[in-house]
>>> print(open('start.tsv').read())   # TSV, N, CA, C and O atoms
chain	number	residue	atom	x	y	z
U	1	MET	N	84.29	84.38	43.03
U	1	MET	CA	84.73	83.08	43.49
U	1	MET	C	83.50	82.22	43.78
U	1	MET	O	82.59	82.63	44.48
U	2	SER	N	83.44	81.01	43.23
U	2	SER	CA	82.28	80.16	43.44
U	2	SER	C	82.50	79.25	44.65
U	2	SER	O	83.62	78.90	45.00
U	3	THR	N	81.40	78.89	45.27
U	3	THR	CA	81.47	77.98	46.42
U	3	THR	C	81.01	76.60	45.98
U	3	THR	O	80.18	76.48	45.07
U	4	SER	N	81.52	75.59	46.61
U	4	SER	CA	81.11	74.23	46.24
U	4	SER	C	79.74	73.92	46.84
U	4	SER	O	79.36	74.43	47.88
U	5	ILE	N	79.01	73.10	46.14
U	5	ILE	CA	77.68	72.70	46.60
U	5	ILE	C	77.79	71.28	47.14
U	5	ILE	O	78.20	70.36	46.45
U	6	LYS	N	77.44	71.13	48.41
U	6	LYS	CA	77.49	69.81	49.02
U	6	LYS	C	76.14	69.13	48.83
U	6	LYS	O	75.10	69.75	48.94
U	7	LYS	N	76.18	67.85	48.56
U	7	LYS	CA	74.95	67.09	48.40
U	7	LYS	C	74.30	66.89	49.76
U	7	LYS	O	74.96	66.80	50.78
U	8	ALA	N	72.99	66.77	49.77
U	8	ALA	CA	72.24	66.63	51.01
U	8	ALA	C	72.19	65.18	51.51
U	8	ALA	O	71.46	64.87	52.43
U	9	ILE	N	72.96	64.28	50.89
U	9	ILE	CA	72.96	62.88	51.31
U	9	ILE	C	73.97	62.71	52.44
U	9	ILE	O	75.16	62.95	52.26
U	10	PRO	N	73.49	62.28	53.62
U	10	PRO	CA	74.43	62.10	54.73
U	10	PRO	C	75.30	60.87	54.50
U	10	PRO	O	74.88	59.89	53.90
U	11	LYS	N	76.53	60.92	54.99
U	11	LYS	CA	77.44	59.79	54.86
U	11	LYS	C	77.03	58.71	55.85
U	11	LYS	O	76.63	58.99	56.97
U	12	ARG	N	77.14	57.47	55.41
U	12	ARG	CA	76.84	56.35	56.29
U	12	ARG	C	78.12	55.96	57.03
U	12	ARG	O	79.19	55.98	56.46
U	13	ARG	N	77.96	55.57	58.26
U	13	ARG	CA	79.11	55.19	59.06
U	13	ARG	C	79.31	53.70	59.01
U	13	ARG	O	78.38	52.93	58.88
U	14	GLY	N	80.55	53.27	59.13
U	14	GLY	CA	80.87	51.86	59.22
U	14	GLY	C	81.04	51.18	57.87
U	14	GLY	O	80.84	51.76	56.82
U	15	ARG	N	81.39	49.93	57.98
U	15	ARG	CA	81.61	49.12	56.79
U	15	ARG	C	80.28	48.76	56.15
U	15	ARG	O	79.33	48.41	56.85
U	16	PRO	N	80.19	48.81	54.82
U	16	PRO	CA	78.93	48.44	54.17
U	16	PRO	C	78.64	46.95	54.35
U	16	PRO	O	79.55	46.13	54.45
U	17	ALA	N	77.39	46.60	54.38
U	17	ALA	CA	76.97	45.22	54.55
U	17	ALA	C	77.41	44.38	53.35
U	17	ALA	O	77.30	44.82	52.21
U	18	THR	N	77.91	43.19	53.60
U	18	THR	CA	78.38	42.33	52.52
U	18	THR	C	77.38	41.23	52.20
U	18	THR	O	77.50	40.56	51.20
U	19	GLY	N	76.42	41.01	53.06
U	19	GLY	CA	75.45	39.95	52.82
U	19	GLY	C	74.20	40.17	53.63
U	19	GLY	O	74.17	40.96	54.57
U	20	LYS	N	73.16	39.47	53.29
U	20	LYS	CA	71.89	39.63	53.98
U	20	LYS	C	71.71	38.58	55.08
U	20	LYS	O	71.00	38.79	56.04
U	21	ASP	N	72.35	37.42	54.92
U	21	ASP	CA	72.19	36.34	55.88
U	21	ASP	C	73.08	36.55	57.11
U	21	ASP	O	74.17	37.11	57.00
U	22	PRO	N	72.63	36.07	58.28
U	22	PRO	CA	73.47	36.18	59.47
U	22	PRO	C	74.71	35.30	59.34
U	22	PRO	O	74.69	34.28	58.66
U	23	MET	N	75.77	35.70	60.02
U	23	MET	CA	77.02	34.94	59.98
U	23	MET	C	77.03	33.92	61.11
U	23	MET	O	76.57	34.20	62.21
U	24	LEU	N	77.56	32.75	60.83
U	24	LEU	CA	77.69	31.68	61.81
U	24	LEU	C	79.18	31.38	61.92
U	24	LEU	O	79.84	31.12	60.92
U	25	ALA	N	79.70	31.42	63.14
U	25	ALA	CA	81.13	31.18	63.33
U	25	ALA	C	81.33	30.08	64.37
U	25	ALA	O	80.52	29.91	65.28
U	26	GLY	N	82.40	29.34	64.21
U	26	GLY	CA	82.73	28.30	65.17
U	26	GLY	C	84.14	27.79	64.94
U	26	GLY	O	84.72	28.00	63.89
U	27	ARG	N	84.68	27.13	65.94
U	27	ARG	CA	86.02	26.56	65.82
U	27	ARG	C	85.93	25.17	65.22
U	27	ARG	O	85.08	24.37	65.61
U	28	VAL	N	86.82	24.90	64.28
U	28	VAL	CA	86.83	23.62	63.57
U	28	VAL	C	88.27	23.12	63.53
U	28	VAL	O	89.19	23.89	63.24
U	29	PRO	N	88.49	21.82	63.81
U	29	PRO	CA	89.86	21.28	63.74
U	29	PRO	C	90.45	21.42	62.34
U	29	PRO	O	89.73	21.36	61.33
U	30	ALA	N	91.76	21.57	62.27
U	30	ALA	CA	92.46	21.77	61.00
U	30	ALA	C	92.20	20.62	60.03
U	30	ALA	O	92.04	20.84	58.83
U	31	GLU	N	92.13	19.38	60.55
U	31	GLU	CA	91.88	18.22	59.69
U	31	GLU	C	90.51	18.32	59.02
U	31	GLU	O	90.34	17.94	57.85
U	32	MET	N	89.52	18.82	59.74
U	32	MET	CA	88.18	18.95	59.16
U	32	MET	C	88.16	20.05	58.10
U	32	MET	O	87.52	19.89	57.06
U	33	ILE	N	88.87	21.13	58.33
U	33	ILE	CA	88.95	22.21	57.34
U	33	ILE	C	89.59	21.67	56.06
U	33	ILE	O	89.12	21.95	54.95
U	34	GLU	N	90.66	20.89	56.21
U	34	GLU	CA	91.31	20.31	55.03
U	34	GLU	C	90.36	19.39	54.28
U	34	GLU	O	90.33	19.40	53.04
U	35	ALA	N	89.58	18.59	55.02
U	35	ALA	CA	88.61	17.69	54.37
U	35	ALA	C	87.54	18.49	53.63
U	35	ALA	O	87.16	18.14	52.51
U	36	VAL	N	87.08	19.57	54.23
U	36	VAL	CA	86.07	20.43	53.59
U	36	VAL	C	86.65	21.06	52.33
U	36	VAL	O	86.00	21.12	51.29
U	37	GLU	N	87.89	21.52	52.42
U	37	GLU	CA	88.52	22.14	51.25
U	37	GLU	C	88.72	21.12	50.12
U	37	GLU	O	88.55	21.47	48.95
U	38	ARG	N	89.06	19.87	50.45
U	38	ARG	CA	89.17	18.83	49.42
U	38	ARG	C	87.81	18.59	48.77
U	38	ARG	O	87.70	18.49	47.54
U	39	TRP	N	86.76	18.49	49.60
U	39	TRP	CA	85.41	18.27	49.09
U	39	TRP	C	84.98	19.43	48.20
U	39	TRP	O	84.39	19.23	47.13
U	40	ALA	N	85.30	20.65	48.64
U	40	ALA	CA	84.96	21.84	47.85
U	40	ALA	C	85.67	21.83	46.50
U	40	ALA	O	85.07	22.15	45.47
U	41	ALA	N	86.94	21.44	46.49
U	41	ALA	CA	87.69	21.40	45.24
U	41	ALA	C	87.11	20.36	44.28
U	41	ALA	O	87.02	20.61	43.07
U	42	GLN	N	86.69	19.22	44.82
U	42	GLN	CA	86.10	18.16	43.98
U	42	GLN	C	84.79	18.62	43.34
U	42	GLN	O	84.42	18.17	42.27
U	43	HIS	N	84.07	19.51	44.03
U	43	HIS	CA	82.77	19.97	43.55
U	43	HIS	C	82.83	21.40	42.98
U	43	HIS	O	81.79	21.99	42.71
U	44	ASN	N	84.04	21.92	42.82
U	44	ASN	CA	84.26	23.26	42.25
U	44	ASN	C	83.47	24.33	43.01
U	44	ASN	O	82.72	25.12	42.41
U	45	LEU	N	83.62	24.34	44.35
U	45	LEU	CA	82.92	25.28	45.21
U	45	LEU	C	83.91	26.05	46.07
U	45	LEU	O	85.04	25.61	46.27
U	46	THR	N	83.45	27.18	46.59
U	46	THR	CA	84.24	27.87	47.60
U	46	THR	C	84.08	27.13	48.93
U	46	THR	O	83.16	26.32	49.10
U	47	ARG	N	84.94	27.42	49.87
U	47	ARG	CA	84.83	26.78	51.18
U	47	ARG	C	83.50	27.11	51.84
U	47	ARG	O	82.83	26.24	52.39
U	48	SER	N	83.07	28.36	51.74
U	48	SER	CA	81.80	28.76	52.36
U	48	SER	C	80.62	28.02	51.76
U	48	SER	O	79.75	27.53	52.49
U	49	GLU	N	80.59	27.93	50.43
U	49	GLU	CA	79.48	27.23	49.78
U	49	GLU	C	79.52	25.75	50.12
U	49	GLU	O	78.48	25.12	50.33
U	50	ALA	N	80.72	25.17	50.20
U	50	ALA	CA	80.85	23.76	50.56
U	50	ALA	C	80.32	23.51	51.96
U	50	ALA	O	79.59	22.54	52.20
U	51	ILE	N	80.63	24.38	52.90
U	51	ILE	CA	80.14	24.23	54.27
U	51	ILE	C	78.62	24.32	54.30
U	51	ILE	O	77.95	23.52	54.95
U	52	ARG	N	78.06	25.30	53.57
U	52	ARG	CA	76.60	25.42	53.52
U	52	ARG	C	75.96	24.14	52.97
U	52	ARG	O	74.97	23.64	53.50
U	53	ARG	N	76.53	23.60	51.89
U	53	ARG	CA	75.96	22.40	51.28
U	53	ARG	C	76.13	21.18	52.19
U	53	ARG	O	75.22	20.35	52.27
U	54	LEU	N	77.27	21.05	52.84
U	54	LEU	CA	77.48	19.92	53.74
U	54	LEU	C	76.53	19.98	54.93
U	54	LEU	O	76.00	18.94	55.36
U	55	ILE	N	76.30	21.16	55.46
U	55	ILE	CA	75.33	21.31	56.56
U	55	ILE	C	73.95	20.91	56.06
U	55	ILE	O	73.23	20.17	56.74
U	56	GLN	N	73.57	21.37	54.87
U	56	GLN	CA	72.25	21.02	54.33
U	56	GLN	C	72.12	19.52	54.11
U	56	GLN	O	71.09	18.93	54.40
U	57	LEU	N	73.18	18.89	53.59
U	57	LEU	CA	73.16	17.43	53.41
U	57	LEU	C	72.95	16.72	54.75
U	57	LEU	O	72.17	15.78	54.84
U	58	GLY	N	73.64	17.17	55.78
U	58	GLY	CA	73.47	16.58	57.10
U	58	GLY	C	72.07	16.78	57.64
U	58	GLY	O	71.48	15.85	58.22
U	59	LEU	N	71.50	17.94	57.44
U	59	LEU	CA	70.13	18.20	57.88
U	59	LEU	C	69.12	17.36	57.11
U	59	LEU	O	68.16	16.85	57.68
U	60	ASP	N	69.35	17.21	55.80
U	60	ASP	CA	68.45	16.40	54.98
U	60	ASP	C	68.45	14.94	55.43
U	60	ASP	O	67.41	14.30	55.51
U	61	VAL	N	69.62	14.40	55.76
U	61	VAL	CA	69.73	13.02	56.22
U	61	VAL	C	69.06	12.87	57.58
U	61	VAL	O	68.32	11.91	57.82
U	62	GLU	N	69.29	13.81	58.47
U	62	GLU	CA	68.73	13.75	59.81
U	62	GLU	C	67.21	13.89	59.81
U	62	GLU	O	66.53	13.24	60.59
U	63	CYS	N	66.69	14.72	58.95
U	63	CYS	CA	65.25	15.00	58.94
U	63	CYS	C	64.44	13.96	58.16
U	63	CYS	O	63.22	13.94	58.24
U	64	ASN	N	65.08	13.13	57.35
U	64	ASN	CA	64.35	12.14	56.54
U	64	ASN	C	64.39	10.77	57.13
U	64	ASN	O	64.99	10.24	57.83
>>> encode(input="start.tsv", output="structure tokens")
Amino acid sequence: MSTSIKKAIPKRRGRPATGKDPMLAGRVPAEMIEAVERWAAQHNLTRSEAIRRLIQLGLDVECN
């Protein structure tokens, strides 16, 4: 009877990382979410990418 050979790689605990950048969370009114989603649809973007771009646009205007 043969025995199974276990690999020496230990199992990692928890959910695997989905991204390298830190997450930013906040509460946003429903009307603003709808406006962001409309803007994202016009520019063929996901909501997350639209939020990142809108924040960058605001920072660019403020810093210039």
>>> atom_distance(input="start.tsv", atom1="CA of Glu37 in chain U", atom2="CA of Leu24 in chain U")
17.9 Å
>>> select_by_dssp(input="start.tsv", residues="chain U", states="alpha helix (DSSP H)", output="ChimeraX atom specification")
/U:30-42,47-63
>>> atom_distance(input="start.tsv", atom1="CA of Gly19 in chain U", atom2="atom N of Ile55 in chain U")
19.0 Å
